[in-house]
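For reference, the structure discussed in these notes is given below.
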Amino acid sequence: MTTMVCVFCGAREGYDSAYREAAQAFGETLARRGFGLVYGGGKVGLMGVVADAVLAAGGRVVGVIPGFLTRAEVLHAGLSEQVLVDDLFERKAVMIERADAFVALPGGIGTFDELLEVIAWRQLGQLQQPIGLLNVNGFFDPWLALFNHWVERGFASAHDITHLIVDSDGERLADHLQRPAAT
């Protein structure tokens, strides 16, 4: 059975070309290592870049997209499997259900929404899959500092974030995706 990695990332590419390059390289890494991709189903932004890279390298890609986004012409038509859902809540539920690991690449509000949800589920003991951050050019550094701020102020425990796999190199990050995450 193929290990499915759920990737959360931007529907935009951002201003730094390193984000696009990292998304492309990470998609190629997933396919080369035999991982499948489950993601938000779009053809735009870093989402489209990582999906295209997995597909071009012969990998399996499952897109999960709500119907209203297909009308906005962001639906990626060339995927291995496309799952149409009713709304963003169902989209996250399906992606989480199908994932053996989670990785966030640079992105915006939707990326952080999805990432925080899996971190919260893990905190509550509802999932144990590895959660990684591909920290391209320090993209997640301010967010990780905010997590540490929450810990310092007593609103989170260090245990809530020590399980995160943070690396700026997609190859090293992928090394951790089949291993059981530390509890």
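Ligands are numbered from 1 in the order shown, residues from 1 within each chain, and chains are lettered A, B, ... in the order they appear in the structure tokens.
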Taking only residues of region 44-154 of chain A that have an atom at most 9 Å from an atom of region 26-40 of chain A, what is each one's shortest atom pair and its distance in Å to one decimal, using only C-alpha atoms, in chain and number order, as a Markdown table?
| residue | atom | partner | partner_atom | distance |
| --- | --- | --- | --- | --- |
| A:Met47 | CA | A:Gly40 | CA | 7.2 |
| A:Val49 | CA | A:Gly27 | CA | 7.9 |
| A:Val50 | CA | A:Gly27 | CA | 4.7 |
| A:Ala51 | CA | A:Gly27 | CA | 6.6 |
| A:Asp52 | CA | A:Gly27 | CA | 7.7 |
| A:Ala53 | CA | A:Gly27 | CA | 4.9 |
| A:Val54 | CA | A:Gly27 | CA | 4.7 |
| A:Leu55 | CA | A:Ala31 | CA | 7.8 |
| A:Ala56 | CA | A:Glu28 | CA | 8.0 |
| A:Ala57 | CA | A:Ala31 | CA | 5.8 |
| A:Gly58 | CA | A:Ala31 | CA | 6.5 |
| A:Gly59 | CA | A:Ala31 | CA | 4.6 |
| A:Arg60 | CA | A:Gly36 | CA | 4.8 |
| A:Val61 | CA | A:Leu37 | CA | 4.7 |
| A:Val62 | CA | A:Val38 | CA | 4.7 |
| A:Gly63 | CA | A:Tyr39 | CA | 5.2 |
| A:Val64 | CA | A:Gly40 | CA | 4.9 |
| A:Ile65 | CA | A:Gly40 | CA | 5.6 |
| A:Pro66 | CA | A:Gly40 | CA | 8.8 |
| A:Arg91 | CA | A:Gly40 | CA | 7.4 |
| A:Lys92 | CA | A:Gly40 | CA | 8.5 |
| A:Met95 | CA | A:Val38 | CA | 6.4 |
| A:Arg98 | CA | A:Val38 | CA | 7.3 |
| A:Ala99 | CA | A:Val38 | CA | 7.0 |
| A:Leu134 | CA | A:Phe26 | CA | 8.9 |
Notebook entry, point to check: What does the distance from CA of Gly138 (chain A) to CA of Ala156 (chain A) come to in Å, to one decimal?
Noted result: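 Going from CA of Gly138 (chain A) over to CA of Ala156 (chain A), I get 22.4 Å.
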Notebook entry, point to check: Could you state the separation of CA of Val5 (chain A) and CA of Ala101 (chain A) in Å, given to one decimal place?
Noted result: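 Value for the CA of Val5 (chain A)-CA of Ala101 (chain A) distance: 4.9 Å.
Using only C-alpha atoms, the smallest distance between any of A:Ala23, A:Leu88, A:Ala11, A:Asn137 and Glu114 (chain A) comes from A:Leu88.
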Notebook entry, point to check: Any idea what the distance is between CA of Gln82 (chain A) and CA of Ala18 (chain A)?
Noted result: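 Result for CA of Gln82 (chain A) versus CA of Ala18 (chain A): 28.1 Å, one decimal.
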Check: Which residue, A:Gly107, A:Gly42, A:Gly67, A:Gly48, has the smallest gap to Leu84 (chain A) when you use only C-alpha atoms?
Finding: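 Among A:Gly107, A:Gly42, A:Gly67, A:Gly48, it is A:Gly67 that comes nearest to Leu84 (chain A).
Those residues in region 40-123 of chain A carrying a DSSP assignment of strand (DSSP E), computed from the backbone, are Val61, Val62, Gly63, Val64, Ile65, Pro66, Glu81, Gln82, Val83, Leu84, Val85, Ala101, Phe102, Val103 and Ala104 of chain A.
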Check: Using the chain letters and numbers from this document, which residues of region 5-177 of chain A does DSSP assign to alpha helix (DSSP H), as a PyMOL selection string?
Finding: chain A and resi 17-32+45-56+67-71+88-98+109-123+141-152+159-162+170-175
Residue subset to file, keeping C-alpha atoms, as a short mmCIF file (atom, residue, chain, number, x, y, z; two decimals), in the first residue's frame:
data_model
loop_
_atom_site.label_atom_id
_atom_site.label_comp_id
_atom_site.auth_asym_id
_atom_site.auth_seq_id
_atom_site.Cartn_x
_atom_site.Cartn_y
_atom_site.Cartn_z
CA SER A 17 11.16 31.71 -6.38
CA ALA A 18 12.65 29.36 -3.76
CA TYR A 19 9.10 28.40 -2.71
CA ARG A 20 8.25 27.16 -6.20
CA GLU A 21 11.59 25.38 -6.52
CA ALA A 22 11.11 23.67 -3.15
CA ALA A 23 7.55 22.58 -4.03
CA GLN A 24 8.75 21.11 -7.31
CA ALA A 25 11.69 19.31 -5.69
CA PHE A 26 9.51 18.00 -2.84
CA GLY A 27 6.95 16.63 -5.30
CA GLU A 28 9.73 14.87 -7.21
CA THR A 29 11.10 13.49 -3.93
CA LEU A 30 7.70 12.10 -2.93
CA ALA A 31 7.24 10.30 -6.25
CA ARG A 32 10.82 9.00 -6.39
CA GLY A 45 0.00 28.12 -6.83
CA LEU A 46 2.32 25.80 -4.96
CA MET A 47 -0.51 23.25 -4.84
CA GLY A 48 -0.36 22.90 -8.61
CA VAL A 49 3.43 22.87 -8.64
CA VAL A 50 3.76 20.00 -6.16
CA ALA A 51 0.97 17.98 -7.82
CA ASP A 52 2.47 18.45 -11.29
CA ALA A 53 5.90 17.40 -10.01
CA VAL A 54 4.53 14.20 -8.47
CA LEU A 55 2.60 13.38 -11.63
CA ALA A 56 5.55 14.13 -13.94
CA GLY A 67 -17.50 21.90 -5.72
CA PHE A 68 -17.49 25.68 -5.43
CA LEU A 69 -13.76 25.76 -6.23
CA THR A 70 -14.25 23.77 -9.42
CA ARG A 71 -16.39 26.62 -10.71
CA LEU A 88 -13.90 23.01 3.15
CA PHE A 89 -14.75 21.11 6.34
CA GLU A 90 -15.32 17.89 4.40
CA ARG A 91 -12.19 18.58 2.34
CA LYS A 92 -10.02 18.64 5.46
CA ALA A 93 -11.71 15.56 6.88
CA VAL A 94 -11.11 13.54 3.70
CA MET A 95 -7.49 14.68 3.40
CA ILE A 96 -6.82 13.81 7.04
CA GLU A 97 -8.54 10.42 6.69
CA ARG A 98 -6.40 9.48 3.68
CA ILE A 109 -4.38 31.38 5.79
CA GLY A 110 -5.75 28.10 4.39
CA THR A 111 -2.42 26.36 4.83
CA PHE A 112 -2.17 27.43 8.46
CA ASP A 113 -5.81 26.51 9.09
CA GLU A 114 -5.18 22.97 7.83
CA LEU A 115 -1.88 22.66 9.65
CA LEU A 116 -3.27 23.88 12.96
CA GLU A 117 -6.14 21.44 12.70
CA VAL A 118 -3.85 18.40 12.42
CA ILE A 119 -1.65 19.74 15.22
CA ALA A 120 -4.74 20.17 17.41
CA TRP A 121 -6.00 16.68 16.55
CA ARG A 122 -2.61 15.29 17.48
CA GLN A 123 -2.59 17.24 20.75
CA ASP A 141 10.32 30.73 11.74
CA PRO A 142 7.92 33.51 12.88
CA TRP A 143 5.13 30.99 13.33
CA LEU A 144 7.38 28.68 15.36
CA ALA A 145 8.34 31.68 17.49
CA LEU A 146 4.64 32.27 18.13
CA PHE A 147 4.28 28.64 19.25
CA ASN A 148 7.15 29.15 21.67
CA HIS A 149 5.42 32.32 22.90
CA TRP A 150 2.30 30.25 23.66
CA VAL A 151 4.44 27.77 25.59
CA GLU A 152 6.19 30.54 27.53
CA HIS A 159 5.16 18.61 23.97
CA ASP A 160 2.53 20.11 21.66
CA ILE A 161 5.24 21.24 19.24
CA THR A 162 8.27 19.02 19.86
CA GLY A 170 12.81 18.19 1.47
CA GLU A 171 14.96 15.06 1.17
CA ARG A 172 15.74 15.05 4.90
CA LEU A 173 12.14 15.82 5.74
CA ALA A 174 10.97 12.88 3.61
CA ASP A 175 13.30 10.59 5.60
#
Next item on the list: For Leu105 (chain A), work out the shell of residues within 7 Å, counting only C-alpha atoms and skipping chain neighbours fewer than 3 positions away, then give it as a PyMOL selection string.
Entry: chain A and resi 8-9+133-134
